[in-house]
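K.L.:
Before we start, here is the structure in question, set down as structure tokens.
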Amino acid sequence: MSMTDSELDFFNENGFVGPFKLYEPNDAKVLLEEIRIKNLDRSQILFDNNVNYDRHFDILELTHHITHPKIVDLLRKIISNNILCWRTEFFPKFPGSRGTEWHQVAKYQYATGKPMLEPTQEIPGIPIDLTVWTTFTEATKENGCMKFLPGTHRKLYYDESKAIKRGRFGQYKSVESDTGFFGYDFEEFKVDSNWLPEEEQAVAMEMQAGECVIFTAKCVHASYPNITKRSTRFAISSRYVPTHVKVYPNQKEFIAHGGKFDLTNYGCVLVSGEDTYGHNSLRTTNNFGVNFTKKF
């Protein structure tokens, strides 16, 4: 079932929508076990990195996940038919992990100041990015579910182009650093240093295993700390753009989260429609030669 008109209206108003069920809870947990097992094998990995970027190229379950028919149907309701998947990543939130601080991303340039996404069209009401955040475990306030500030996608609260002191150019520390955002301090990106996110307005996105939430990264978002003793929260972020968006424009590599990523063998995956722009390199198979299944 595709997104309803009322759900689309909710997204347009708030910058996020969900949850939507993709997998039965038990099936999601079986998939998670397979992902964890295959995560240990780094022999065919595209980027050998600590933040697990783009494991859809070497973990078969993620190869299939990014083209999940319901994901594609939901995305098409928001950004039309022609869609690329440009990144996947996962950050398990283990017991005792701190929450991720409030942040907002437009062109993914917080890492170096150089945009990773560059739109070639401005289409009113159509975002240039969407993230599908799928949890393969229960996600609760106690173990670190996401939270959103409704409507904040309409205004710039954080300016990624600002010069900052922490995170960039050798200043990056680690995923478990004291900044709250994987070595970067989003406080430094604030347009108004006196602005404070209204916690009382935050919407906690508690979800069952196998559910997803869809949001534009321009919607201010964060996560709660994991205050449990035994419950790990595990989710996969798959990120999508319309085909008019240039991904890593004029870049042969990029630097983020303390790692350097060689783009020689990288390519976006066309998950729906056609790419008539030709801005980006495309991959049709993963690193084992398995096809990415596209839904027209």
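Residue names in the structure tokens use chain letters A, B, ... in the order shown, residue numbers from 1 in each chain, and ligand numbers from 1 in the order shown.
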Using only C-alpha atoms, which protein or nucleic acid residues come within 10 Å of A:Asn81? Drop anything in the same chain fewer than 6 positions from it, and give the result as a ChimeraX atom specification.
P.N.:
/A:72-73,75,242-243,271-274,295-296
K.L.:
Can you pull out the residues contacting stretch 219-233 of chain A? Cut-off 6 Å, using only C-alpha atoms, and skip same-chain residues under 3 positions away; I want them as a list in words.
P.N.:
Gly15, Pro92, Lys93, Phe94, Pro95, Gly96, Ser97, Arg98, Gly99, Thr100, Glu101, Trp102, His103, Gln104, Thr137, Ala139, Glu142, Asn143, Gly144, Cys145, Met146, Lys147, Phe148, Leu149, Thr152, His153 and Thr216 of chain A
K.L.:
Can you pull out every residue within 9 Å of A:Ser281, counting only C-alpha atoms, but drop anything in the same chain fewer than 5 positions away, and send it as a compact mmCIF listing (two decimals) with C-alpha atoms, in the first residue's frame?
P.N.:
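Generated file (selection00.txt):
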```
# COMPACT_ATOMS: atom_id res chain seq x y z
CA VAL A 247 26.04 13.16 -5.64
CA TYR A 266 31.16 3.87 -6.02
CA GLY A 267 27.89 4.40 -7.83
CA CYS A 268 24.33 5.41 -7.02
CA VAL A 269 21.59 2.81 -7.42
```
K.L.:
Could you write out, as a PyMOL selection string, all the residues of stretch 1-117 of chain A that DSSP marks as strand (DSSP E)?
P.N.:
chain A and resi 16-21+83-90+117
K.L.:
Since we have the selection now, will you write its residues out, keeping C-alpha atoms, as a CSV table (one decimal), in the first residue's frame?
P.N.:
```
chain,number,residue,atom,x,y,z
A,16,PHE,CA,8.8,13.4,8.6
A,17,VAL,CA,6.1,10.7,8.4
A,18,GLY,CA,5.7,7.2,9.8
A,19,PRO,CA,6.0,4.6,11.1
A,20,PHE,CA,5.4,2.2,8.2
A,21,LYS,CA,5.6,-1.5,8.4
A,83,ILE,CA,14.9,8.0,-7.6
A,84,LEU,CA,18.5,7.1,-6.7
A,85,CYS,CA,19.8,5.5,-3.5
A,86,TRP,CA,23.1,7.2,-2.8
A,87,ARG,CA,24.0,6.0,0.7
A,88,THR,CA,23.3,3.5,3.4
A,89,GLU,CA,24.7,3.5,6.9
A,90,PHE,CA,24.1,2.0,10.4
A,117,LEU,CA,24.6,16.7,-2.7
```
K.L.:
Give the answer as one residue: which of A:His257, A:Asp159, A:Asn50, A:Leu60 has the shortest atom-to-atom distance to A:Pro115, using only C-alpha atoms?
P.N.:
A:Asp159
K.L.:
Pick out the residues sitting within 10 Å of A:Leu32, and hand them over as a list in words; count only C-alpha atoms, and ignore anything fewer than 6 positions along from it in its own chain.
P.N.:
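Near A:Leu32, the qualifying residues are Asn26, Lys38, Glu61, Thr135, Phe136, Thr137, Ala209, Gly210, Phe234, Ala235 and Ile236 of chain A.
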K.L.:
Please identify all polymer residues within 7 Å of A:Pro25, counting only C-alpha atoms, omitting same-chain residues fewer than 2 positions from it, and present them as a PDB file with N, CA and C atoms, in the first residue's frame.
P.N.:
```
ATOM      1  N   TYR A  23       8.563  -5.082   7.443  1.00  0.00           N
ATOM      2  CA  TYR A  23       8.799  -6.493   7.738  1.00  0.00           C
ATOM      3  C   TYR A  23       8.026  -6.870   8.999  1.00  0.00           C
ATOM      4  N   ASP A  27      10.652 -11.481  11.318  1.00  0.00           N
ATOM      5  CA  ASP A  27      11.450 -11.479  10.094  1.00  0.00           C
ATOM      6  C   ASP A  27      12.553 -10.432  10.173  1.00  0.00           C
ATOM      7  N   ALA A  28      12.238  -9.283  10.756  1.00  0.00           N
ATOM      8  CA  ALA A  28      13.240  -8.224  10.905  1.00  0.00           C
ATOM      9  C   ALA A  28      14.395  -8.695  11.774  1.00  0.00           C
ATOM     10  N   LYS A  29      14.095  -9.426  12.821  1.00  0.00           N
ATOM     11  CA  LYS A  29      15.142  -9.893  13.720  1.00  0.00           C
ATOM     12  C   LYS A  29      15.998 -10.977  13.067  1.00  0.00           C
ATOM     13  N   GLN A 208       8.215  -0.507  16.255  1.00  0.00           N
ATOM     14  CA  GLN A 208       8.408  -1.941  16.366  1.00  0.00           C
ATOM     15  C   GLN A 208       9.484  -2.396  15.382  1.00  0.00           C
ATOM     16  N   ALA A 209      10.102  -3.529  15.658  1.00  0.00           N
ATOM     17  CA  ALA A 209      11.063  -4.095  14.714  1.00  0.00           C
ATOM     18  C   ALA A 209      10.388  -4.295  13.358  1.00  0.00           C
ATOM     19  N   GLY A 210      11.069  -3.850  12.293  1.00  0.00           N
ATOM     20  CA  GLY A 210      10.519  -3.999  10.950  1.00  0.00           C
ATOM     21  C   GLY A 210       9.801  -2.768  10.438  1.00  0.00           C
TER      22      GLY A 210
END
```
